[in-house]
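K.L.:
File follows, data-v7.cif with mmCIF, C-alpha atoms:
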```
data_entry
#
loop_
_atom_site.group_PDB
_atom_site.id
_atom_site.type_symbol
_atom_site.label_atom_id
_atom_site.label_comp_id
_atom_site.auth_asym_id
_atom_site.auth_seq_id
_atom_site.Cartn_x
_atom_site.Cartn_y
_atom_site.Cartn_z
ATOM 1 C CA MET A 12 106.001 137.250 143.248
ATOM 2 C CA PHE A 13 102.363 137.607 142.361
ATOM 3 C CA LYS A 14 101.553 134.462 144.320
ATOM 4 C CA ASN A 15 102.138 136.670 147.367
ATOM 5 C CA ARG A 16 98.718 138.087 148.233
ATOM 6 C CA THR A 17 100.037 141.219 149.920
ATOM 7 C CA PHE A 18 102.387 142.036 147.052
ATOM 8 C CA THR A 19 99.651 141.614 144.461
ATOM 9 C CA LEU A 20 97.135 143.683 146.417
ATOM 10 C CA THR A 21 99.502 146.528 147.252
ATOM 11 C CA THR A 22 100.839 146.613 143.692
ATOM 12 C CA THR A 23 97.250 146.982 142.475
ATOM 13 C CA LEU A 24 96.642 149.801 144.952
ATOM 14 C CA SER A 25 99.867 151.533 143.986
ATOM 15 C CA ALA A 26 98.888 151.243 140.324
ATOM 16 C CA LEU A 27 95.449 152.732 141.054
ATOM 17 C CA SER A 28 97.051 155.668 142.861
ATOM 18 C CA ASN A 29 99.352 156.204 139.880
ATOM 19 C CA VAL A 30 96.365 156.254 137.529
ATOM 20 C CA ALA A 31 94.605 158.683 139.874
ATOM 21 C CA LEU A 32 97.618 160.971 139.744
ATOM 22 C CA LEU A 33 98.600 160.816 136.068
ATOM 23 C CA GLY A 34 95.066 160.611 134.681
ATOM 24 C CA VAL A 35 93.743 163.744 136.334
ATOM 25 C CA GLU A 36 97.080 165.512 135.829
ATOM 26 C CA LEU A 37 96.448 165.103 132.103
ATOM 27 C CA VAL A 38 92.698 165.699 132.005
ATOM 28 C CA LEU A 39 92.399 168.673 134.362
ATOM 29 C CA PRO A 40 94.706 171.073 132.472
ATOM 30 C CA LEU A 41 92.868 170.246 129.250
ATOM 31 C CA TYR A 42 89.565 170.889 131.009
ATOM 32 C CA LEU A 43 90.821 174.276 132.219
ATOM 33 C CA GLN A 44 92.087 175.251 128.775
ATOM 34 C CA ARG A 45 89.191 173.986 126.658
ATOM 35 C CA VAL A 46 86.241 174.641 128.974
ATOM 36 C CA HIS A 47 87.424 177.690 130.932
ATOM 37 C CA GLY A 48 89.574 179.121 128.161
ATOM 38 C CA LEU A 49 92.756 179.409 130.244
ATOM 39 C CA SER A 50 96.242 179.362 128.793
ATOM 40 C CA ALA A 51 98.625 176.471 129.420
ATOM 41 C CA PHE A 52 100.578 178.710 131.791
ATOM 42 C CA GLN A 53 97.476 179.635 133.801
ATOM 43 C CA SER A 54 96.274 176.040 134.067
ATOM 44 C CA GLY A 55 99.754 175.006 135.187
ATOM 45 C CA LEU A 56 99.710 177.612 137.941
ATOM 46 C CA LEU A 57 96.410 176.232 139.232
ATOM 47 C CA LEU A 58 98.003 172.783 139.555
ATOM 48 C CA LEU A 59 101.129 174.126 141.250
ATOM 49 C CA PRO A 60 99.764 174.002 144.852
ATOM 50 C CA GLY A 61 98.964 170.310 144.399
ATOM 51 C CA ALA A 62 102.426 169.589 143.022
ATOM 52 C CA LEU A 63 104.040 171.363 145.984
ATOM 53 C CA LEU A 64 101.880 169.429 148.426
ATOM 54 C CA GLU A 65 102.887 166.146 146.840
ATOM 55 C CA GLY A 66 106.573 166.977 147.274
ATOM 56 C CA LEU A 67 106.087 168.015 150.879
ATOM 57 C CA LEU A 68 103.885 165.115 151.942
ATOM 58 C CA SER A 69 105.678 162.188 150.307
ATOM 59 C CA PRO A 70 108.385 161.986 153.037
ATOM 60 C CA ILE A 71 105.757 162.433 155.755
ATOM 61 C CA SER A 72 103.679 159.551 154.374
ATOM 62 C CA GLY A 73 106.576 157.186 155.066
ATOM 63 C CA ARG A 74 106.614 158.158 158.742
ATOM 64 C CA LEU A 75 102.840 157.759 158.970
ATOM 65 C CA TYR A 76 103.145 154.323 157.372
ATOM 66 C CA ASP A 77 105.701 153.276 159.993
ATOM 67 C CA LYS A 78 103.470 154.524 162.786
ATOM 68 C CA TYR A 79 99.981 153.437 161.726
ATOM 69 C CA GLY A 80 100.467 150.599 159.229
ATOM 70 C CA ILE A 81 99.467 150.196 155.620
ATOM 71 C CA LYS A 82 95.753 149.481 156.063
ATOM 72 C CA THR A 83 95.004 152.689 157.947
ATOM 73 C CA ILE A 84 97.149 154.780 155.625
ATOM 74 C CA SER A 85 95.654 153.285 152.475
ATOM 75 C CA LEU A 86 92.057 153.682 153.659
ATOM 76 C CA ILE A 87 92.621 157.306 154.625
ATOM 77 C CA GLY A 88 94.532 158.030 151.440
ATOM 78 C CA PHE A 89 91.930 156.658 149.050
ATOM 79 C CA ALA A 90 89.128 158.289 151.051
ATOM 80 C CA ILE A 91 90.855 161.657 150.579
ATOM 81 C CA VAL A 92 91.311 160.977 146.854
ATOM 82 C CA ALA A 93 87.602 160.149 146.528
ATOM 83 C CA LEU A 94 86.531 163.250 148.461
ATOM 84 C CA GLY A 95 88.867 165.416 146.399
ATOM 85 C CA THR A 96 87.537 163.992 143.144
ATOM 86 C CA LEU A 97 83.852 164.231 144.110
ATOM 87 C CA PRO A 98 83.573 168.028 143.501
ATOM 88 C CA MET A 99 84.943 167.490 139.995
ATOM 89 C CA LEU A 100 81.705 165.705 139.095
ATOM 90 C CA PHE A 101 79.965 169.055 139.507
ATOM 91 C CA PHE A 102 82.411 171.204 137.536
ATOM 92 C CA THR A 103 80.779 173.514 134.986
ATOM 93 C CA PRO A 104 82.148 176.184 132.639
ATOM 94 C CA THR A 105 81.452 178.732 135.402
ATOM 95 C CA THR A 106 82.972 176.838 138.354
ATOM 96 C CA ASN A 107 85.199 179.042 140.485
ATOM 97 C CA LEU A 108 88.831 178.317 139.688
ATOM 98 C CA VAL A 109 89.710 178.374 143.394
ATOM 99 C CA ILE A 110 87.414 175.378 143.859
ATOM 100 C CA VAL A 111 89.141 173.603 140.966
ATOM 101 C CA ALA A 112 92.615 174.206 142.406
ATOM 102 C CA THR A 113 91.519 173.269 145.937
ATOM 103 C CA SER A 114 89.899 170.004 144.816
ATOM 104 C CA TYR A 115 93.019 169.006 142.925
ATOM 105 C CA ALA A 116 95.345 169.897 145.795
ATOM 106 C CA PHE A 117 93.161 168.026 148.303
ATOM 107 C CA ARG A 118 93.139 164.821 146.259
ATOM 108 C CA ILE A 119 96.916 165.079 145.883
ATOM 109 C CA ILE A 120 97.151 164.783 149.680
ATOM 110 C CA GLY A 121 95.499 161.372 149.417
ATOM 111 C CA ILE A 122 97.682 160.250 146.522
ATOM 112 C CA ALA A 123 100.866 161.297 148.328
ATOM 113 C CA THR A 124 99.631 159.464 151.418
ATOM 114 C CA VAL A 125 98.998 156.158 149.684
ATOM 115 C CA MET A 126 101.301 155.844 146.660
ATOM 116 C CA MET A 127 104.726 155.049 148.132
ATOM 117 C CA PRO A 128 103.543 153.235 151.301
ATOM 118 C CA THR A 129 101.606 150.693 149.209
ATOM 119 C CA PHE A 130 104.633 150.211 146.981
ATOM 120 C CA THR A 131 106.894 149.758 150.013
ATOM 121 C CA GLU A 132 104.516 147.341 151.738
ATOM 122 C CA GLY A 133 104.491 145.131 148.665
ATOM 123 C CA ILE A 134 108.285 144.916 148.529
ATOM 124 C CA ASN A 135 108.467 144.264 152.277
ATOM 125 C CA ALA A 136 106.073 141.336 151.864
ATOM 126 C CA LEU A 137 108.539 139.496 149.600
ATOM 127 C CA SER A 138 111.510 137.400 150.588
ATOM 128 C CA PRO A 139 114.917 139.104 150.184
ATOM 129 C CA SER A 140 115.678 136.995 147.105
ATOM 130 C CA LEU A 141 112.563 138.332 145.346
ATOM 131 C CA SER A 142 112.649 141.953 146.526
ATOM 132 C CA VAL A 143 114.703 143.217 143.562
ATOM 133 C CA HIS A 144 112.429 141.462 141.079
ATOM 134 C CA GLY A 145 109.381 142.716 142.986
ATOM 135 C CA ASN A 146 110.660 146.283 142.752
ATOM 136 C CA ALA A 147 110.992 146.006 138.980
ATOM 137 C CA ALA A 148 107.653 144.233 138.546
ATOM 138 C CA SER A 149 105.733 146.692 140.720
ATOM 139 C CA SER A 150 107.292 149.694 138.977
ATOM 140 C CA THR A 151 106.421 148.213 135.589
ATOM 141 C CA VAL A 152 102.806 147.569 136.580
ATOM 142 C CA ARG A 153 102.477 151.133 137.841
ATOM 143 C CA GLN A 154 103.806 152.587 134.596
ATOM 144 C CA ILE A 155 101.594 150.390 132.422
ATOM 145 C CA ALA A 156 98.553 151.233 134.555
ATOM 146 C CA GLY A 157 99.328 154.940 134.329
ATOM 147 C CA SER A 158 99.595 154.781 130.536
ATOM 148 C CA LEU A 159 96.429 152.746 130.107
ATOM 149 C CA GLY A 160 94.558 154.863 132.632
ATOM 150 C CA THR A 161 95.302 158.141 130.900
ATOM 151 C CA ALA A 162 94.372 156.638 127.524
ATOM 152 C CA ILE A 163 91.053 155.388 128.902
ATOM 153 C CA LEU A 164 90.236 158.728 130.506
ATOM 154 C CA MET A 165 90.913 160.615 127.273
ATOM 155 C CA MET A 166 88.808 158.099 125.362
ATOM 156 C CA LEU A 167 85.975 158.791 127.800
ATOM 157 C CA VAL A 168 86.377 162.534 127.267
ATOM 158 C CA SER A 169 85.834 161.982 123.545
ATOM 159 C CA PHE A 170 82.930 159.615 124.205
ATOM 160 C CA GLY A 171 81.208 162.036 126.570
ATOM 161 C CA THR A 172 81.721 164.935 124.188
ATOM 162 C CA GLN A 173 80.013 162.997 121.404
ATOM 163 C CA ILE A 174 77.071 162.283 123.711
ATOM 164 C CA GLY A 175 76.833 165.994 124.502
ATOM 165 C CA LYS A 176 76.895 166.748 120.781
ATOM 166 C CA SER A 177 74.034 164.316 120.149
ATOM 167 C CA GLU A 178 72.046 166.150 122.831
ATOM 168 C CA HIS A 179 72.617 169.424 120.949
ATOM 169 C CA LEU A 180 74.501 171.095 123.777
ATOM 170 C CA SER A 181 76.690 174.115 123.195
ATOM 171 C CA SER A 182 80.304 173.411 122.234
ATOM 172 C CA VAL A 183 81.592 174.296 125.693
ATOM 173 C CA SER A 184 78.898 172.220 127.388
ATOM 174 C CA GLN A 185 79.772 169.293 125.128
ATOM 175 C CA LEU A 186 83.378 169.445 126.296
ATOM 176 C CA ASN A 187 82.306 169.803 129.917
ATOM 177 C CA HIS A 188 80.109 166.738 129.527
ATOM 178 C CA GLY A 189 83.067 164.798 128.147
ATOM 179 C CA TYR A 190 85.341 165.701 131.035
ATOM 180 C CA TRP A 191 82.581 164.731 133.469
ATOM 181 C CA PHE A 192 82.897 161.133 132.276
ATOM 182 C CA SER A 193 86.633 161.083 132.958
ATOM 183 C CA PHE A 194 86.173 162.594 136.421
ATOM 184 C CA LEU A 195 83.504 159.986 137.169
ATOM 185 C CA ILE A 196 85.879 157.132 136.342
ATOM 186 C CA ALA A 197 88.619 158.763 138.435
ATOM 187 C CA PHE A 198 86.168 158.912 141.350
ATOM 188 C CA LEU A 199 85.175 155.251 140.901
ATOM 189 C CA MET A 200 88.856 154.254 140.850
ATOM 190 C CA ALA A 201 89.317 155.949 144.213
ATOM 191 C CA ILE A 202 86.310 154.069 145.579
ATOM 192 C CA LEU A 203 87.749 150.817 144.226
ATOM 193 C CA GLY A 204 91.052 151.588 145.941
ATOM 194 C CA PHE A 205 89.240 152.186 149.221
ATOM 195 C CA ILE A 206 87.354 148.883 148.943
ATOM 196 C CA LEU A 207 90.516 146.928 148.114
ATOM 197 C CA SER A 208 92.293 148.595 151.045
ATOM 198 C CA LEU A 209 89.826 146.900 153.380
ATOM 199 C CA ARG A 210 91.492 143.592 152.464
ATOM 200 C CA LEU A 211 94.901 144.713 153.696
ATOM 201 C CA LYS A 212 96.282 143.388 156.942
ATOM 202 C CA SER A 213 96.371 145.846 159.823
ATOM 203 C CA SER A 214 99.969 145.032 160.790
ATOM 204 C CA SER A 215 102.924 146.425 158.895
ATOM 205 C CA LYS A 216 106.648 145.826 158.829
ATOM 206 C CA LYS A 217 108.421 148.863 160.165
ATOM 207 C CA THR A 218 110.765 149.316 157.266
ATOM 208 C CA THR A 219 110.601 151.823 154.439
ATOM 209 C CA LEU A 220 112.531 151.882 151.189
#
```
Turn the structure described in the file into structure tokens.
P.N.:
Amino acid sequence: MFKNRTFTLTTTLSALSNVALLGVELVLPLYLQRVHGLSAFQSGLLLLPGALLEGLLSPISGRLYDKYGIKTISLIGFAIVALGTLPMLFFTPTTNLVIVATSYAFRIIGIATVMMPTFTEGINALSPSLSVHGNAASSTVRQIAGSLGTAILMMLVSFGTQIGKSEHLSSVSQLNHGYWFSFLIAFLMAILGFILSLRLKSSSKKTTL
């Protein structure tokens, strides 16, 4: 299966989008609770608009994939993820919570746009005899990538916090510094997804799963 260039590339892109989703879904609530002092309920409410957008846009992304093809959809999707993550690099303990919620919701638009179309394109690229195995393999890669991605982001939070401590920052600023590292990696992942999307073929099979 992984000898198929399109399957390998789209599986990688789907895995990156899964990391972008799960990683920030874990880090952002912790940022809101530990840096801004919000409760778990309040931080959850701030993420709710993004969750609703993901549910609404996922079916629409399939239609856009049929109409415009995987390359266009993937480039636009990862560009939106990058633009939505960029403001997070400038989050401080006094950042307006509306900006936080808006940035998260905006990046979710990109993730919803790219996640399932890249997965579908990879399965479509395989022969019928390999499609079932490709489905299982791609799903497994996405789950492993999501787990590793969230672990790496949390490790970076700890690393950045220690750097802030060595610079004698306040406790809140130390935490903010730690979360900055995780947001930076999330931004670079979106950029990597955009660059890899340039290698996709413009044509697309008009079938969705």
K.L.:
Which neighbours of Thr83 of chain A fall inside 12 Å, counting all atoms listed in the file, when residues of the same chain fewer than 6 positions from it are skipped, and could you give them as a list in words?
P.N.:
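Counting all atoms listed in the file, the residues come to Ser72, Leu75, Tyr76, Asp77, Phe89, Ala90, Thr124, Val125, Pro128, Thr129, Phe205, Ser208, Leu209, Arg210, Leu211, Lys212, Ser213, Ser214 and Ser215 of chain A.
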K.L.:
Please provide the set of residues having any atom within 9 Å of segment 34-47 of chain A, restricted to only C-alpha atoms, with same-chain residues fewer than 6 positions apart removed, written as JSON, numbers by chain.
P.N.:
{"A": [53, 54, 55, 57, 58, 103, 104, 105, 106, 108, 111, 115, 157, 158, 160, 161, 162, 163, 164, 165, 168, 183, 184, 186, 187, 190, 193, 194, 197]}
K.L.:
Which residue out of A:Leu159, A:Ile206, A:Leu199, A:Ile134 has the minimum interatomic distance to Leu94 of chain A when all atoms listed in the file are used?
P.N.:
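Smallest separation from Leu94 of chain A among the options: A:Leu199.
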K.L.:
Fewer than 2 positions away in the same chain doesn't count, so skip those; otherwise give me all residues within 9 Å of Leu64 of chain A, counting only C-alpha atoms, as an MDAnalysis selection string.
P.N.:
chainID A and resid 59:62 66:69 116:117 119:120 123
K.L.:
Counting only C-alpha atoms, which of A:Leu207, A:Leu49, A:Leu167, A:Ile202 gets nearest to Ala93 of chain A?
P.N.:
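Nearest candidate to Ala93 of chain A out of A:Leu207, A:Leu49, A:Leu167, A:Ile202: A:Ile202.
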K.L.:
Exactly which residues make up the result of the PyMOL selection byres ((chain A and resi 18-31) around 6) on this file, given as a ChimeraX atom specification?
P.N.:
/A:13,15-17,32-34,122,126,129-130,133,149,153,156-157,160,204
K.L.:
From the options A:Ile196, A:Leu97, A:Ile81, A:Thr151, which residue's atoms come nearest to Gly171 of chain A, counting all atoms listed in the file?
P.N.:
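Among A:Ile196, A:Leu97, A:Ile81, A:Thr151, it is A:Ile196 that comes nearest to Gly171 of chain A.
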K.L.:
What does the distance from atom CA of Ile174 of chain A to atom CA of Phe198 of chain A come to in Å, to one decimal?
P.N.:
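Atom-to-atom, atom CA of Ile174 of chain A and atom CA of Phe198 of chain A are spaced 20.1 Å apart.
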K.L.:
Please indicate the distance in Å from atom CA of Gly48 of chain A to atom CA of Asn107 of chain A, rounded to one decimal place.
P.N.:
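Atom CA of Gly48 of chain A sits 13.1 Å away from atom CA of Asn107 of chain A.
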K.L.:
Can you work out the spacing between atom CA of Phe102 of chain A and atom CA of His188 of chain A in Å, to one decimal?
P.N.:
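Going from atom CA of Phe102 of chain A over to atom CA of His188 of chain A, I get 9.5 Å.
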K.L.:
Looking at all atoms listed in the file, which of A:Met127, A:Leu180, A:Ile110, A:Leu141 is the one that sits closest to Gly88 of chain A?
P.N.:
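Among the listed residues, the smallest separation from Gly88 of chain A belongs to A:Met127.
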K.L.:
Skipping near chain neighbours, those fewer than 3 positions away, what residues fall within 7 Å of Gln185 of chain A using all atoms listed in the file, listed as a PDB file with C-alpha atoms, in the frame of the given file?
P.N.:
```
ATOM      1  CA  THR A 172      81.721 164.935 124.188  1.00  0.00           C
ATOM      2  CA  GLY A 175      76.833 165.994 124.502  1.00  0.00           C
ATOM      3  CA  LYS A 176      76.895 166.748 120.781  1.00  0.00           C
ATOM      4  CA  LEU A 180      74.501 171.095 123.777  1.00  0.00           C
ATOM      5  CA  SER A 181      76.690 174.115 123.195  1.00  0.00           C
ATOM      6  CA  SER A 182      80.304 173.411 122.234  1.00  0.00           C
ATOM      7  CA  HIS A 188      80.109 166.738 129.527  1.00  0.00           C
ATOM      8  CA  GLY A 189      83.067 164.798 128.147  1.00  0.00           C
TER       9      GLY A 189
END
```
